[in-house]
Every structure is written in C-alpha cells, then in structure tokens.
file query_4.cif (mmCIF, C-alpha atoms and all ligand atoms)
data_entry
#
loop_
_atom_site.label_atom_id
_atom_site.label_comp_id
_atom_site.auth_asym_id
_atom_site.auth_seq_id
_atom_site.Cartn_x
_atom_site.Cartn_y
_atom_site.Cartn_z
CA MET A 27 26.85 53.01 14.44
CA THR A 28 25.84 56.07 12.47
CA GLU A 29 22.54 56.12 10.66
CA ARG A 30 24.31 55.87 7.34
CA ASN A 31 26.36 52.85 8.42
CA MET A 32 23.23 51.15 9.69
CA ALA A 33 21.52 51.76 6.38
CA LEU A 34 24.53 50.33 4.55
CA ALA A 35 24.62 47.26 6.80
CA GLN A 36 20.93 46.66 6.17
CA LEU A 37 21.46 47.07 2.48
CA GLU A 38 24.25 44.49 2.55
CA GLN A 39 22.12 42.02 4.48
CA GLY A 40 19.33 42.51 1.97
CA GLU A 41 21.69 41.80 -0.89
CA GLU A 42 22.00 38.04 -0.41
CA ALA A 43 24.62 36.19 -2.37
CA ILE A 44 23.04 34.21 -5.17
CA ILE A 45 26.36 32.49 -5.96
CA GLN A 46 28.84 31.72 -3.20
CA PHE A 47 32.23 30.02 -3.64
CA SER A 48 33.99 29.16 -0.38
CA ASP A 49 37.57 27.89 -0.62
CA VAL A 50 36.82 26.00 -3.83
CA ASN A 51 39.55 23.79 -5.25
CA LYS A 52 39.55 21.63 -8.31
CA TRP A 53 42.07 19.33 -9.93
CA TYR A 54 42.17 17.78 -13.38
CA GLY A 55 44.13 14.68 -12.38
CA GLU A 56 47.30 16.08 -10.85
CA PHE A 57 46.75 19.55 -12.24
CA HIS A 58 45.47 22.03 -9.67
CA VAL A 59 43.18 24.15 -11.86
CA LEU A 60 41.20 26.14 -9.24
CA LYS A 61 42.99 27.26 -6.10
CA ASN A 62 41.13 28.45 -3.00
CA ILE A 63 38.45 30.35 -4.86
CA ASP A 64 36.42 32.60 -2.55
CA PHE A 65 33.92 34.61 -4.42
CA SER A 66 30.34 35.67 -4.21
CA VAL A 67 27.84 37.26 -6.54
CA LYS A 68 24.85 39.19 -5.30
CA LYS A 69 21.46 39.13 -6.91
CA GLY A 70 21.44 41.46 -9.90
CA GLU A 71 25.21 41.84 -9.98
CA ARG A 72 27.11 41.86 -13.28
CA ILE A 73 30.50 40.19 -13.02
CA VAL A 74 33.13 40.11 -15.75
CA VAL A 75 35.81 37.44 -15.42
CA CYS A 76 39.01 37.94 -17.36
CA GLY A 77 42.52 36.58 -17.38
CA PRO A 78 45.04 34.81 -19.60
CA SER A 79 44.09 31.74 -21.58
CA GLY A 80 44.31 28.62 -19.40
CA SER A 81 43.86 30.50 -16.12
CA GLY A 82 40.71 28.55 -15.17
CA LYS A 83 37.96 30.99 -16.15
CA SER A 84 35.82 28.46 -18.04
CA THR A 85 36.37 25.83 -15.37
CA MET A 86 35.25 28.23 -12.67
CA ILE A 87 32.03 29.30 -14.34
CA ARG A 88 31.24 25.74 -15.41
CA CYS A 89 31.39 24.76 -11.73
CA ILE A 90 28.44 27.10 -11.10
CA ASN A 91 26.04 24.76 -12.92
CA ARG A 92 28.20 21.70 -12.31
CA LEU A 93 29.27 21.11 -15.86
CA GLU A 94 32.52 20.60 -13.91
CA GLU A 95 32.76 19.31 -10.38
CA HIS A 96 35.05 20.66 -7.70
CA GLN A 97 36.79 18.44 -5.17
CA LYS A 98 37.19 20.71 -2.16
CA GLY A 99 35.27 23.63 -0.71
CA GLN A 100 31.67 24.62 -1.17
CA ILE A 101 29.59 26.20 -3.93
CA LEU A 102 26.11 27.49 -3.12
CA VAL A 103 23.83 28.66 -5.91
CA ASP A 104 20.58 30.19 -4.80
CA GLY A 105 21.22 28.61 -1.41
CA ILE A 106 21.55 25.13 -2.91
CA GLU A 107 24.81 23.26 -2.52
CA MET A 108 26.37 21.97 -5.72
CA ASN A 109 27.40 18.42 -4.91
CA ASP A 110 26.61 14.92 -6.11
CA ASN A 111 22.92 15.37 -5.34
CA LEU A 112 21.32 15.06 -8.77
CA LYS A 113 18.16 16.78 -7.65
CA ASN A 114 20.17 19.85 -6.65
CA ILE A 115 21.95 19.86 -9.99
CA GLU A 116 18.67 19.56 -11.87
CA THR A 117 17.13 22.40 -9.85
CA ILE A 118 20.07 24.70 -10.45
CA ARG A 119 20.37 23.96 -14.16
CA LYS A 120 16.80 25.17 -14.59
CA ASP A 121 17.75 28.45 -12.95
CA VAL A 122 21.09 29.04 -14.63
CA GLY A 123 21.30 29.76 -18.34
CA MET A 124 24.59 29.37 -20.14
CA VAL A 125 25.91 30.77 -23.41
CA PHE A 126 29.09 29.32 -24.88
CA GLN A 127 31.69 30.55 -27.33
CA HIS A 128 30.47 28.16 -30.03
CA PHE A 129 26.70 28.71 -29.65
CA ASN A 130 25.97 24.96 -29.27
CA LEU A 131 22.66 25.08 -31.14
CA PHE A 132 21.21 21.83 -32.45
CA PRO A 133 21.95 21.97 -36.20
CA HIS A 134 19.11 19.67 -37.25
CA LEU A 135 16.42 21.68 -35.42
CA THR A 136 14.96 24.99 -36.53
CA ILE A 137 15.63 28.10 -34.49
CA LEU A 138 12.14 27.85 -33.02
CA GLU A 139 12.63 24.17 -32.15
CA ASN A 140 15.99 24.97 -30.55
CA LEU A 141 14.19 27.41 -28.28
CA THR A 142 11.19 25.29 -27.36
CA LEU A 143 13.03 21.99 -26.75
CA ALA A 144 14.01 22.53 -23.11
CA PRO A 145 10.84 24.38 -22.05
CA ILE A 146 8.70 21.53 -23.45
CA TRP A 147 10.80 18.60 -22.18
CA VAL A 148 12.38 20.01 -19.02
CA ARG A 149 9.83 22.55 -17.83
CA LYS A 150 6.82 20.66 -19.27
CA THR A 151 5.51 23.84 -20.86
CA PRO A 152 2.67 23.20 -23.37
CA LYS A 153 3.96 23.45 -26.95
CA LYS A 154 1.87 26.46 -27.95
CA GLU A 155 2.91 28.40 -24.87
CA ALA A 156 6.55 27.44 -25.42
CA GLU A 157 6.37 28.70 -29.00
CA GLU A 158 4.82 31.99 -27.97
CA MET A 159 7.52 32.48 -25.39
CA ALA A 160 10.20 31.56 -27.93
CA MET A 161 8.86 34.13 -30.38
CA HIS A 162 8.81 36.74 -27.64
CA TYR A 163 12.51 36.21 -26.88
CA LEU A 164 13.41 36.01 -30.57
CA GLU A 165 11.80 39.39 -31.01
CA ARG A 166 13.80 40.73 -28.11
CA VAL A 167 17.05 39.66 -29.77
CA LYS A 168 15.68 41.02 -33.06
CA ILE A 169 15.65 37.79 -34.97
CA ALA A 170 12.00 36.64 -34.99
CA ASN A 171 11.95 36.58 -38.79
CA GLN A 172 14.51 33.74 -38.78
CA ALA A 173 12.47 31.41 -36.54
CA LEU A 174 11.92 28.71 -39.16
CA LYS A 175 15.47 28.61 -40.46
CA TYR A 176 18.20 26.22 -39.35
CA PRO A 177 21.26 27.42 -37.40
CA GLY A 178 23.58 26.85 -40.38
CA GLN A 179 21.58 29.42 -42.38
CA LEU A 180 22.34 32.18 -39.87
CA SER A 181 25.44 34.30 -39.31
CA GLY A 182 27.55 33.74 -36.20
CA GLY A 183 26.18 36.84 -34.53
CA GLN A 184 22.62 35.76 -35.25
CA GLN A 185 23.31 32.26 -33.93
CA GLN A 186 24.73 33.67 -30.73
CA ARG A 187 21.66 35.86 -30.24
CA VAL A 188 19.54 32.74 -30.73
CA ALA A 189 21.63 30.99 -28.08
CA ILE A 190 20.95 33.84 -25.66
CA ALA A 191 17.22 33.75 -26.44
CA ARG A 192 17.28 30.00 -25.89
CA GLY A 193 18.81 30.52 -22.45
CA LEU A 194 16.18 33.12 -21.59
CA CYS A 195 13.33 30.76 -22.51
CA MET A 196 14.16 28.81 -19.37
CA LYS A 197 13.49 31.95 -17.33
CA PRO A 198 16.85 31.75 -15.61
CA ARG A 199 17.75 33.72 -12.51
CA ILE A 200 21.41 33.74 -13.52
CA MET A 201 23.05 33.88 -16.95
CA LEU A 202 26.58 32.63 -17.50
CA PHE A 203 28.51 33.67 -20.60
CA ASP A 204 31.78 32.02 -21.61
CA GLU A 205 33.50 34.20 -24.20
CA PRO A 206 30.27 34.68 -26.16
CA THR A 207 31.87 36.96 -28.75
CA SER A 208 35.27 35.30 -29.17
CA ALA A 209 34.27 33.22 -32.18
CA LEU A 210 32.53 36.09 -33.97
CA ASP A 211 33.71 38.30 -36.79
CA PRO A 212 34.33 41.82 -35.49
CA GLU A 213 31.26 43.33 -37.14
CA MET A 214 29.00 40.90 -35.26
CA ILE A 215 30.39 41.46 -31.80
CA LYS A 216 28.37 44.58 -31.14
CA GLU A 217 25.00 43.01 -31.93
CA VAL A 218 25.66 40.31 -29.31
CA LEU A 219 27.05 42.73 -26.73
CA ASP A 220 23.99 44.95 -27.23
CA VAL A 221 21.73 42.04 -26.27
CA MET A 222 23.87 41.39 -23.20
CA ILE A 223 23.76 45.06 -22.23
CA GLN A 224 19.99 45.02 -22.53
CA LEU A 225 19.84 41.99 -20.22
CA ALA A 226 22.10 43.70 -17.73
CA ASP A 227 19.88 46.79 -17.79
CA GLU A 228 16.91 44.60 -16.94
CA GLY A 229 18.65 43.44 -13.77
CA MET A 230 19.73 39.92 -14.75
CA THR A 231 22.46 38.43 -12.56
CA MET A 232 25.30 37.79 -14.99
CA VAL A 233 28.73 36.23 -14.87
CA CYS A 234 30.56 36.84 -18.15
CA VAL A 235 33.96 35.58 -19.17
CA THR A 236 35.00 38.04 -21.83
CA HIS A 237 37.91 40.01 -23.17
CA GLU A 238 35.63 42.83 -24.25
CA MET A 239 37.02 45.42 -21.88
CA GLY A 240 34.68 48.11 -23.17
CA PHE A 241 31.79 45.92 -22.04
CA ALA A 242 33.51 45.35 -18.68
CA LYS A 243 33.96 49.08 -18.18
CA THR A 244 30.40 50.03 -18.95
CA VAL A 245 28.41 47.05 -17.68
CA ALA A 246 30.30 45.24 -14.90
CA ASP A 247 29.76 45.95 -11.24
CA ARG A 248 32.96 44.04 -10.57
CA VAL A 249 35.79 42.69 -12.67
CA VAL A 250 37.46 39.48 -11.51
CA PHE A 251 40.96 38.77 -12.77
CA MET A 252 42.17 35.17 -12.73
CA ASP A 253 45.65 33.86 -13.30
CA ALA A 254 46.97 30.30 -12.85
CA GLY A 255 43.80 29.09 -11.12
CA GLU A 256 43.58 31.93 -8.62
CA ILE A 257 41.50 35.04 -8.29
CA VAL A 258 44.27 37.59 -8.22
CA GLU A 259 42.13 40.69 -8.02
CA ALA A 260 38.44 41.59 -7.97
CA ASN A 261 37.39 45.19 -8.06
CA THR A 262 35.07 47.78 -9.52
CA PRO A 263 35.89 48.48 -13.19
CA HIS A 264 37.08 51.94 -12.23
CA GLU A 265 39.61 50.62 -9.69
CA PHE A 266 40.49 47.62 -11.81
CA PHE A 267 41.39 49.54 -14.94
CA ASP A 268 42.71 52.77 -13.46
CA ASN A 269 44.44 51.43 -10.41
CA PRO A 270 45.28 47.72 -10.78
CA LYS A 271 46.92 46.47 -7.60
CA HIS A 272 48.83 43.38 -8.64
CA ASP A 273 51.78 43.01 -11.00
CA ARG A 274 49.99 40.21 -12.81
CA THR A 275 46.91 42.38 -13.39
CA GLN A 276 49.06 45.22 -14.65
CA LEU A 277 50.90 42.90 -17.01
CA PHE A 278 47.63 41.45 -18.33
CA LEU A 279 46.11 44.88 -18.89
CA SER A 280 49.24 46.13 -20.63
CA GLN A 281 48.93 43.21 -23.06
CA ILE A 282 45.28 43.62 -23.93
CA LEU A 283 44.59 47.35 -23.75
P1 LIG B 301 40.44 29.41 -19.49
O1 LIG B 301 38.96 29.32 -19.70
O2 LIG B 301 40.85 30.48 -18.53
O3 LIG B 301 41.20 29.51 -20.76
P2 LIG B 301 40.17 26.66 -18.64
O4 LIG B 301 39.32 26.69 -17.43
O5 LIG B 301 39.53 26.25 -19.90
O6 LIG B 301 40.91 28.06 -18.79
O7 LIG B 301 41.39 25.68 -18.41
C1 LIG B 301 42.28 25.84 -17.33
C2 LIG B 301 43.38 24.81 -17.42
O8 LIG B 301 42.83 23.52 -17.23
C3 LIG B 301 44.10 24.79 -18.76
O9 LIG B 301 45.46 24.55 -18.51
C4 LIG B 301 43.48 23.62 -19.47
O10 LIG B 301 44.39 23.04 -20.36
C5 LIG B 301 43.14 22.68 -18.34
N1 LIG B 301 41.95 21.88 -18.63
C6 LIG B 301 40.75 22.36 -19.00
N2 LIG B 301 39.86 21.35 -19.14
C7 LIG B 301 40.52 20.21 -18.85
C8 LIG B 301 40.17 18.84 -18.82
N3 LIG B 301 38.92 18.43 -19.10
N4 LIG B 301 41.12 17.95 -18.48
C9 LIG B 301 42.37 18.34 -18.18
N5 LIG B 301 42.79 19.64 -18.19
C10 LIG B 301 41.88 20.55 -18.52
MG MG B 302 37.84 29.45 -21.44
#
call {"tool": "encode", "arguments": {"input": "query_4.cif", "output": "structure tokens"}}
result
Amino acid sequence: MTERNMALAQLEQGEEAIIQFSDVNKWYGEFHVLKNIDFSVKKGERIVVCGPSGSGKSTMIRCINRLEEHQKGQILVDGIEMNDNLKNIETIRKDVGMVFQHFNLFPHLTILENLTLAPIWVRKTPKKEAEEMAMHYLERVKIANQALKYPGQLSGGQQQRVAIARGLCMKPRIMLFDEPTSALDPEMIKEVLDVMIQLADEGMTMVCVTHEMGFAKTVADRVVFMDAGEIVEANTPHEFFDNPKHDRTQLFLSQIL
C-alpha cells in the first residue's frame, strides 16, 4: 500500500458512518415503498435526496428517526439500532432534528414557547437557560425580534426559519429536512436556504430532501436519486449533474433542469 493509500484508508476509518441503512425494506400494506436501501452518511456529510413525487424520499428520511418503521433490514443511527426499543427511539429523537415542508409549529404558542417546549420538557433544561438558548438560535436565523409573536403572524419563510431554530435548540447531531422550501413563495426560498447553507458550513450532518438543485450543487457532498422506492444513483453533485449514469436519472434531470 502506498503512503497515500494508507492515509486515505485511515481517513475512511476515521469517518464513521453516523447513519447506516443496510438492505432496508418497507411496505405500506402490500405496497413495497422502500426496496433494498443501502446507504450511509458520514459525520459532517451533506446529503441531498431527490427524485419524483411518490418515490419514497419522505418515507426514507422518516425512517431515520422512526417516524416510520421499516420491516426488513437494519438502520443504525449513531451506532444505535432503530427498532421497537423505545429507549433507542427516544435517544435518537433527541439527536436528530427534523424540519418539514409545513413547518409544524404549535399555533397557540409564541415563537419563543415553540422553541423552549422540547428543551424544557424533554431535555429538562431550566426555563431561563432554555429561553437564552432559544434567543441565541433566533438571532442566528435573524428573527429574534419576532420571539413574542405567534406563528400565524409570521410569513412562511420566517416560520420555516423558526422551525429550523427550534430543531437546533435540541442540539442535534443530525438535521433532516423534508422539502423545507416547497411550500414557500419564491421570494422566501432564499432566506431559508441561506440558513441551511450556514448550518452546512458549520459542519452539521444534514440529509435534505429538496428539489433546489442550486442548493444541491453548491452544498451537497452527495446527491441521492430515488425512483420507485429504490436508490437509483448516488454521486457527487459534479458527477450527478454532469454525467448521470442511469436513464431514470437523466429523464428526471431533463424534467427539472
Ligand atoms: P415522496 O416523499 O418521494 O414523494 P413518499 O415517501 O411520501 O414519497 O411516498 C412514497 C409512496 O408511498 C407514495 O406512493 C405514497 O402514496 C405512499 N405512501 C406514503 N405514506 C403512506 C401511508 N402512510 N400509507 C400508505 N401509502 C403511503
Ligand atoms: Mg415527500
């Protein structure tokens, strides 16, 4: 082994997988929604998942924090197996933040209360400390001046930034995004993507389902393309966009680019 190869091998060993799917299969009744998914994410990696509507993208990322359960194969998150063990699920949910298309903020709580709820009740953080932390993250998403308003008083882009700040308050090791900009008016997409880019720059491990191909090109370490419940292709953005291997990837790209 040359010195360079040895260095590379060491590097790879050092880069442990923080998410590992091994031959994962899932059915909704008779419908085979995830087919033999093998996939791993290293610490600090930024993954973009794309593919046609109904291809299983949401189902796959929801399996990571067991909002959906798989029936066959193995999912390890941070070395912990996602199975019926409630303690495992609880542990992982504390470590994995999730941002959805429709924000999912509590409408009857203020922005500040939305952010402090889980830290106070799940992490048992003292209220004052939770509020300070909430304000810190609201400042980071540039929305601290809205802390005492209710979600309905904010624009979609602002609500989504609040949702990201809420996720960060749990100090997650992984952030999952499921089409976080799909429900937003075009002029608000950038403000949300900018927050995500900032997170990526800080080294957060991220798995993002998105059709924002500009984001994929500039931020992703790897782009995963799903179709009909399978991972058809996973590659660096450069290879994925400039040299797609599969017919289905080429067809998809020709439709969206
Ligand atoms: P995507 O996020 O790529 O659009 P989804 O993971 O949401 O795809 O859905 C994949 C397929 O599984 C779709 O055909 C969808 O209709 C189906 N599906 C999703 N959720 C359920 C469910 N709870 N019960 C039955 N079928 C579902
Ligand atoms: Mg989806």
call {"tool": "residues_around", "arguments": {"input": "query_4.cif", "residues": "A:Gln224", "least_positions_apart": "6", "cutoff": "12 Å", "atoms": "only C-alpha atoms", "output": "number ranges by chain"}}
result
A: 166-167, 190, 217-218, 230, 232, 241, 245
call {"tool": "residues_near_point", "arguments": {"input": "query_4.cif", "point": "(21.6, 31.5, -27.3)", "cutoff": "9 Å", "atoms": "all atoms listed in the file", "output": "list in words"}}
result
Met124, Val125, Phe126, Phe129, Asn130, Leu131, Leu141, Gln185, Gln186, Arg187, Val188, Ala189, Ile190, Ala191, Arg192, Gly193 and Leu194 of chain A
call {"tool": "atom_distance", "arguments": {"input": "query_4.cif", "atom1": "atom CA of A:Lys61", "atom2": "atom CA of A:Asp49"}}
result
7.7 Å
call {"tool": "axis_aligned_box", "arguments": {"input": "query_4.cif", "around": "stretch 173-177 of chain A", "padding_each_side": "6 Å", "output": "JSON"}}
result
{"center_x": 16.6, "center_y": 28.8, "center_z": -38.5, "size_x": 21.3, "size_y": 17.2, "size_z": 15.9}
call {"tool": "residues_near_ligand", "arguments": {"input": "query_4.cif", "ligand": "ligand MG 302 (chain B)", "cutoff": "10 Å", "atoms": "only C-alpha atoms and all ligand atoms", "output": "ChimeraX atom specification"}}
result
/A:76-88,126-127,204-205,235-236
call {"tool": "closest_residue", "arguments": {"input": "query_4.cif", "among": "A:Val67, A:Arg72, A:Asn261, A:Met201", "to": "A:Lys120", "atoms": "all atoms listed in the file"}}
result
A:Met201
call {"tool": "residues_near_point", "arguments": {"input": "query_4.cif", "point": "(30.3, 36.2, -7.1)", "cutoff": "7 Å", "atoms": "all atoms listed in the file", "output": "list of chain:residue names"}}
result
A:Ile45, A:Gln46, A:Phe65, A:Ser66, A:Val67, A:Lys68
call {"tool": "closest_residue", "arguments": {"input": "query_4.cif", "among": "A:Lys197, A:His96, A:His162, A:Arg248", "to": "A:Ala144", "atoms": "all atoms listed in the file"}}
result
A:Lys197
call {"tool": "atom_distance", "arguments": {"input": "query_4.cif", "atom1": "atom CA of A:His237", "atom2": "atom CA of A:Leu93"}}
result
22.0 Å
call {"tool": "closest_residue", "arguments": {"input": "query_4.cif", "among": "A:Ile63, A:Glu94, A:Arg149, A:Asp273", "to": "ligand LIG 301 (chain B)", "atoms": "all atoms listed in the file"}}
result
A:Glu94
call {"tool": "closest_residue", "arguments": {"input": "query_4.cif", "among": "A:Met214, A:Met196, A:Val258, A:Ile73", "to": "A:Lys243", "atoms": "all atoms listed in the file"}}
result
A:Ile73
call {"tool": "closest_residue", "arguments": {"input": "query_4.cif", "among": "A:Thr207, A:Ile44, A:Asn114, A:Glu95", "to": "ligand LIG 301 (chain B)", "atoms": "all atoms listed in the file"}}
result
A:Glu95
call {"tool": "closest_residue", "arguments": {"input": "query_4.cif", "among": "A:Glu213, A:Glu42, A:Glu56, A:Glu107", "to": "ligand LIG 301 (chain B)", "atoms": "only C-alpha atoms and all ligand atoms"}}
result
A:Glu56
call {"tool": "decode", "arguments": {"input": "query_4.cif", "residues": "stretch 117-158 of chain A", "atoms": "C-alpha atoms", "output": "mmCIF file, in the first residue's frame"}}
result
data_model
loop_
_atom_site.group_PDB
_atom_site.id
_atom_site.type_symbol
_atom_site.label_atom_id
_atom_site.label_comp_id
_atom_site.auth_asym_id
_atom_site.auth_seq_id
_atom_site.Cartn_x
_atom_site.Cartn_y
_atom_site.Cartn_z
ATOM 1 C CA THR A 117 -32.304 8.630 22.436
ATOM 2 C CA ILE A 118 -32.166 9.117 18.692
ATOM 3 C CA ARG A 119 -35.001 11.635 18.528
ATOM 4 C CA LYS A 120 -33.020 13.851 20.888
ATOM 5 C CA ASP A 121 -30.094 13.735 18.489
ATOM 6 C CA VAL A 122 -31.960 14.136 15.216
ATOM 7 C CA GLY A 123 -33.723 17.381 14.371
ATOM 8 C CA MET A 124 -36.336 17.435 11.647
ATOM 9 C CA VAL A 125 -37.784 20.231 9.543
ATOM 10 C CA PHE A 126 -40.903 19.563 7.492
ATOM 11 C CA GLN A 127 -42.479 21.161 4.458
ATOM 12 C CA HIS A 128 -45.301 22.647 6.540
ATOM 13 C CA PHE A 129 -43.231 23.983 9.472
ATOM 14 C CA ASN A 130 -45.387 22.175 12.092
ATOM 15 C CA LEU A 131 -45.134 24.948 14.678
ATOM 16 C CA PHE A 132 -47.656 24.998 17.522
ATOM 17 C CA PRO A 133 -50.055 27.804 16.525
ATOM 18 C CA HIS A 134 -51.216 28.601 20.059
ATOM 19 C CA LEU A 135 -47.673 29.060 21.425
ATOM 20 C CA THR A 136 -45.423 32.045 20.839
ATOM 21 C CA ILE A 137 -42.273 31.634 18.790
ATOM 22 C CA LEU A 138 -40.234 31.615 21.993
ATOM 23 C CA GLU A 139 -42.513 28.995 23.579
ATOM 24 C CA ASN A 140 -42.292 26.859 20.444
ATOM 25 C CA LEU A 141 -38.524 26.850 20.856
ATOM 26 C CA THR A 142 -38.337 26.212 24.587
ATOM 27 C CA LEU A 143 -41.015 23.490 24.813
ATOM 28 C CA ALA A 144 -38.855 20.467 23.973
ATOM 29 C CA PRO A 145 -35.700 21.655 25.771
ATOM 30 C CA ILE A 146 -37.725 22.215 28.969
ATOM 31 C CA TRP A 147 -39.851 19.045 28.837
ATOM 32 C CA VAL A 148 -37.593 16.598 27.000
ATOM 33 C CA ARG A 149 -34.117 17.772 27.919
ATOM 34 C CA LYS A 150 -35.144 19.133 31.353
ATOM 35 C CA THR A 151 -33.322 22.389 30.666
ATOM 36 C CA PRO A 152 -34.171 25.140 33.213
ATOM 37 C CA LYS A 153 -36.608 27.661 31.710
ATOM 38 C CA LYS A 154 -34.270 30.649 31.823
ATOM 39 C CA GLU A 155 -31.474 28.711 30.158
ATOM 40 C CA ALA A 156 -33.876 27.363 27.533
ATOM 41 C CA GLU A 157 -35.032 30.903 26.751
ATOM 42 C CA GLU A 158 -31.490 32.189 26.415
#
